[in-house]
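Following: one structure in structure tokens, then a few remarks.
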There are 2 protein chains.
Amino acid sequence: MSLVALGPEGTFSHEVAELVGADSITLVPTIREVFREVAENGRQGLVPLENSEAGGVGPTLDGLMAYRVFITAEIFMPVHHFLVAPSGVREIGTLFVHPQTHEQCSEVIEQLGAEVIHTSSNAASAKAALQRAGSGAIVSRKAAELYGLHILRSNVENNPDNVTRFVCIDATPGETEKPAKCSILVDPESDRAGLLYDLLGVFSRKEINLTRIESRPSKRGMGRYVFFMDITYSPACPGAIEELKTLTNVRNLGCYSRMEVPGWTC
Amino acid sequence: MSLVALGPEGTFSHEVAELVGADSITLVPTIREVFREVAENGRQGLVPLENSEAGGVGPTLDGLMAYRVFITAEIFMPVHHFLVAPSGVREIGTLFVHPQTHEQCSEVIEQLGAEVIHTSSNAASAKAALQRAGSGAIVSRKAAELYGLHILRSNVENNPDNVTRFVCIDATPGETEKPAKCSILVDPESDRAGLLYDLLGVFSRKEINLTRIESRPSKRGMGRYVFFMDITYSPACPGAIEELKTLTNVRNLGCYSRMEVPGWTC
């Protein structure tokens, strides 16, 4: 398996790509670039979809809307963060942190009282802390090791059960014999009142369990949304998805199973 | 009216606070700080709730979950962004941009090909561009003027109909004679399948129009969400909200009307 994922070296995406046993990994600078490589060059990709503290990952949701790709597997990663600084730094005047990491570690950041500068990845935070005197960063253990940063405090996430859900994406649907879940994207053409209720009614009648619903702006103006829905797989799912299609625009994003990583329980 | 809003000078929050006619404005460094001032010190606050391109504003949704406050008014602001640089800069090597602004202007940023550094507000982007040679920023017209930056390109947002919805928050409910909308926060204790369908059924039976539903992690572990719902006000709303409370944990975030700003049509 060859995977495209968000870089640079030391991101959580990089770590997950290594642990799921990819033979080769290509790191690209943005999540959008991962989608482009998958949709246009037939690569397989790995992207973060949601975090238990910070919620849906905007660029991934937008990528699923913009590109014809399918989810082929999901992976749940327990995520721990570390307050780090170059050795010798005693007081952190400036803290480099990715916005998603900021949301996951907001309590310790508030206590710290340093000037906060947002970055485009955890690895970028590590690099930036090396370049400015008196600064620190919040990064993964792997990034701390890779960039030779000293760990000042471990597990600074607000919630010790912090988990990020990653998904593998592909230009063609996966062929899982026993999928665990299906994901669909609902794009209502109109704002008909009660449409969402009618859609959920299809699941209710077929006893299908909705595990997640997330709205996202349709980009067609304020007050218009698309919906990402995840449902527990059952033999009734394909029929239910066909029935939804009679009600509005529905795209099946794929039925897939969970990929387990030894040692990760979440 | 005295308002607390996100600073520093030149943020969109600052601009809205001025235009709605606040007598005095206190600018604080984070959205969380706005909520704290409202909940603990009895101030009135102004916060961005959602954008038509980038979606819900995480720190505001988290503030509504964490603090006992009420929404007392909503304001829709047409949002335009400007690519700026200190005078004399011809090529932008580094671009400073707030993550929400990045999402709203992703197309022009991609074309630009500069190194992107995220900041904590549009005003912070403007300040940073002044301090580093060969850098630029994407900010509001007001921030460009305030910080003396040269406008290289106007209206660089992906969508010309870009709108941000702000809300006023208060420690006590508003007293609007003719509210337009009600907002509620649903926090399901259990993950009972079909609960969401039952909740929407209450609105359906009472012919209440759901205008927005947004999920957000409950912070109690992956796969557990709370729901923010907005409904169009009708005399049936108070009864419907009481009925929802018999089904699960529901908080009425307030019934309120829209505040119009002369010259803004969106």
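Identifiers for the structure tokens are assigned positionally: chains receive A, B, ... in sequence, residues are indexed from 1 per chain, and ligands are indexed from 1 in the order shown.
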
From a DSSP pass on the backbone, collect the residues of region 53-238 of chain B flagged as strand (DSSP E or B) and hand them back as a PyMOL selection string.
chain B and resi 55-56+70-78+82-85+94-97+115-118+135-139+150-153+163-170+181-187+210-217+225-232

Can you spit out the residues from that selection as a PDB file, in the first residue's frame, using C-alpha atoms?
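Heads up, here's the output in result_6.pdb:
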ATOM      1  CA  GLY B  55     -19.142  27.003   8.832  1.00  0.00           C
ATOM      2  CA  GLY B  56     -19.541  27.141  12.604  1.00  0.00           C
ATOM      3  CA  PHE B  70     -28.474  33.628  26.054  1.00  0.00           C
ATOM      4  CA  ILE B  71     -28.550  34.851  22.476  1.00  0.00           C
ATOM      5  CA  THR B  72     -30.430  38.174  22.352  1.00  0.00           C
ATOM      6  CA  ALA B  73     -29.978  39.239  18.695  1.00  0.00           C
ATOM      7  CA  GLU B  74     -28.395  38.147  15.417  1.00  0.00           C
ATOM      8  CA  ILE B  75     -26.596  40.277  12.811  1.00  0.00           C
ATOM      9  CA  PHE B  76     -25.599  39.172   9.291  1.00  0.00           C
ATOM     10  CA  MET B  77     -22.463  40.881   7.989  1.00  0.00           C
ATOM     11  CA  PRO B  78     -21.357  40.735   4.334  1.00  0.00           C
ATOM     12  CA  PHE B  82      -8.357  42.215   0.965  1.00  0.00           C
ATOM     13  CA  LEU B  83      -4.875  41.060   0.010  1.00  0.00           C
ATOM     14  CA  VAL B  84      -2.556  43.665   1.543  1.00  0.00           C
ATOM     15  CA  ALA B  85       1.128  44.359   2.103  1.00  0.00           C
ATOM     16  CA  THR B  94       5.031  34.953   3.459  1.00  0.00           C
ATOM     17  CA  LEU B  95       1.302  35.430   3.928  1.00  0.00           C
ATOM     18  CA  PHE B  96      -0.255  35.948   7.376  1.00  0.00           C
ATOM     19  CA  VAL B  97      -3.874  34.818   7.600  1.00  0.00           C
ATOM     20  CA  GLU B 115       4.346  30.398   2.643  1.00  0.00           C
ATOM     21  CA  VAL B 116       1.233  30.654   4.845  1.00  0.00           C
ATOM     22  CA  ILE B 117       1.406  31.462   8.568  1.00  0.00           C
ATOM     23  CA  HIS B 118      -1.813  31.285  10.581  1.00  0.00           C
ATOM     24  CA  SER B 135       5.274  39.530   3.718  1.00  0.00           C
ATOM     25  CA  GLY B 136       1.586  40.255   3.188  1.00  0.00           C
ATOM     26  CA  ALA B 137      -1.750  39.465   4.811  1.00  0.00           C
ATOM     27  CA  ILE B 138      -5.426  38.955   4.075  1.00  0.00           C
ATOM     28  CA  VAL B 139      -7.548  41.263   6.208  1.00  0.00           C
ATOM     29  CA  HIS B 150      -1.539  48.868   0.877  1.00  0.00           C
ATOM     30  CA  ILE B 151      -4.440  46.991  -0.834  1.00  0.00           C
ATOM     31  CA  LEU B 152      -3.080  44.785  -3.656  1.00  0.00           C
ATOM     32  CA  ARG B 153      -6.347  43.038  -4.483  1.00  0.00           C
ATOM     33  CA  VAL B 163     -21.557  36.318   5.048  1.00  0.00           C
ATOM     34  CA  THR B 164     -20.796  35.961   8.756  1.00  0.00           C
ATOM     35  CA  ARG B 165     -23.568  35.660  11.294  1.00  0.00           C
ATOM     36  CA  PHE B 166     -22.828  37.354  14.617  1.00  0.00           C
ATOM     37  CA  VAL B 167     -24.896  37.058  17.780  1.00  0.00           C
ATOM     38  CA  CYS B 168     -25.243  39.223  20.868  1.00  0.00           C
ATOM     39  CA  ILE B 169     -25.007  37.287  24.128  1.00  0.00           C
ATOM     40  CA  ASP B 170     -26.190  38.184  27.598  1.00  0.00           C
ATOM     41  CA  LYS B 181     -35.808  32.731  15.641  1.00  0.00           C
ATOM     42  CA  CYS B 182     -35.073  30.487  18.626  1.00  0.00           C
ATOM     43  CA  SER B 183     -31.838  28.602  19.247  1.00  0.00           C
ATOM     44  CA  ILE B 184     -31.589  25.468  21.342  1.00  0.00           C
ATOM     45  CA  LEU B 185     -28.797  23.211  22.511  1.00  0.00           C
ATOM     46  CA  VAL B 186     -29.570  19.492  22.708  1.00  0.00           C
ATOM     47  CA  ASP B 187     -27.242  17.346  24.798  1.00  0.00           C
ATOM     48  CA  LEU B 210     -35.672  23.945  11.413  1.00  0.00           C
ATOM     49  CA  THR B 211     -33.270  26.390   9.725  1.00  0.00           C
ATOM     50  CA  ARG B 212     -29.972  24.962  10.992  1.00  0.00           C
ATOM     51  CA  ILE B 213     -28.637  21.918  12.783  1.00  0.00           C
ATOM     52  CA  GLU B 214     -24.998  21.636  13.723  1.00  0.00           C
ATOM     53  CA  SER B 215     -23.317  18.878  15.680  1.00  0.00           C
ATOM     54  CA  ARG B 216     -20.338  19.446  17.947  1.00  0.00           C
ATOM     55  CA  PRO B 217     -18.335  16.937  20.007  1.00  0.00           C
ATOM     56  CA  TYR B 225     -22.257  14.886  20.049  1.00  0.00           C
ATOM     57  CA  VAL B 226     -24.424  17.777  21.099  1.00  0.00           C
ATOM     58  CA  PHE B 227     -26.687  19.522  18.576  1.00  0.00           C
ATOM     59  CA  PHE B 228     -27.232  23.215  18.020  1.00  0.00           C
ATOM     60  CA  MET B 229     -30.595  23.848  16.363  1.00  0.00           C
ATOM     61  CA  ASP B 230     -32.176  27.053  15.094  1.00  0.00           C
ATOM     62  CA  ILE B 231     -35.908  27.210  14.427  1.00  0.00           C
ATOM     63  CA  THR B 232     -38.092  29.893  12.894  1.00  0.00           C
TER      64      THR B 232
END

message = For the alpha helix (DSSP H) assignment from backbone DSSP, which residues of region 1-113 of chain B qualify? Please present them as number ranges by chain.
response = B: 12-19, 31-41, 58-66, 99-104, 106-112

So what do you get for CA of Thr119 (chain B) versus CA of Pro8 (chain B), distance-wise?
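Calculated distance between CA of Thr119 (chain B) and CA of Pro8 (chain B) is 12.3 Å.
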
> Could you name the residues that touch region 38-40 of chain B at 12 Å or less, counting only C-alpha atoms, but leaving out those on the same chain fewer than 6 positions away, as a PyMOL selection string?
Replying inline: chain B and resi 2-5+26+28+31-32+46-47+63-64+66-71+168-172

Item to check | CA of Pro59 (chain B) to CA of Thr101 (chain B), distance in Å rounded to a single decimal | outcome: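 Result for CA of Pro59 (chain B) versus CA of Thr101 (chain B): 15.2 Å, one decimal.
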
Applying 10 Å and only C-alpha atoms, which residues near Gly194 (chain A) remain after dropping the ones on its own chain fewer than 4 positions away? List them as a PyMOL selection string. (chain A and resi 198-199) or (chain B and resi 200-201+203-205+207-211)

Between CA of Arg192 (chain A) and CA of Asn252 (chain B), what distance in Å does the model show, to one decimal?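 Distance reported for this atom pair: 24.2 Å.
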
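You can rank A:Ile25, A:Leu61, A:Leu19, A:Leu112 by their closest distance to chain B using only C-alpha atoms, and at the top of that list sits A:Leu61.
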
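Candidate residues A:Asn122, A:Ser52, A:Ser13, A:Thr248 were compared for distance to chain B, and the nearest is A:Ser52, using only C-alpha atoms.
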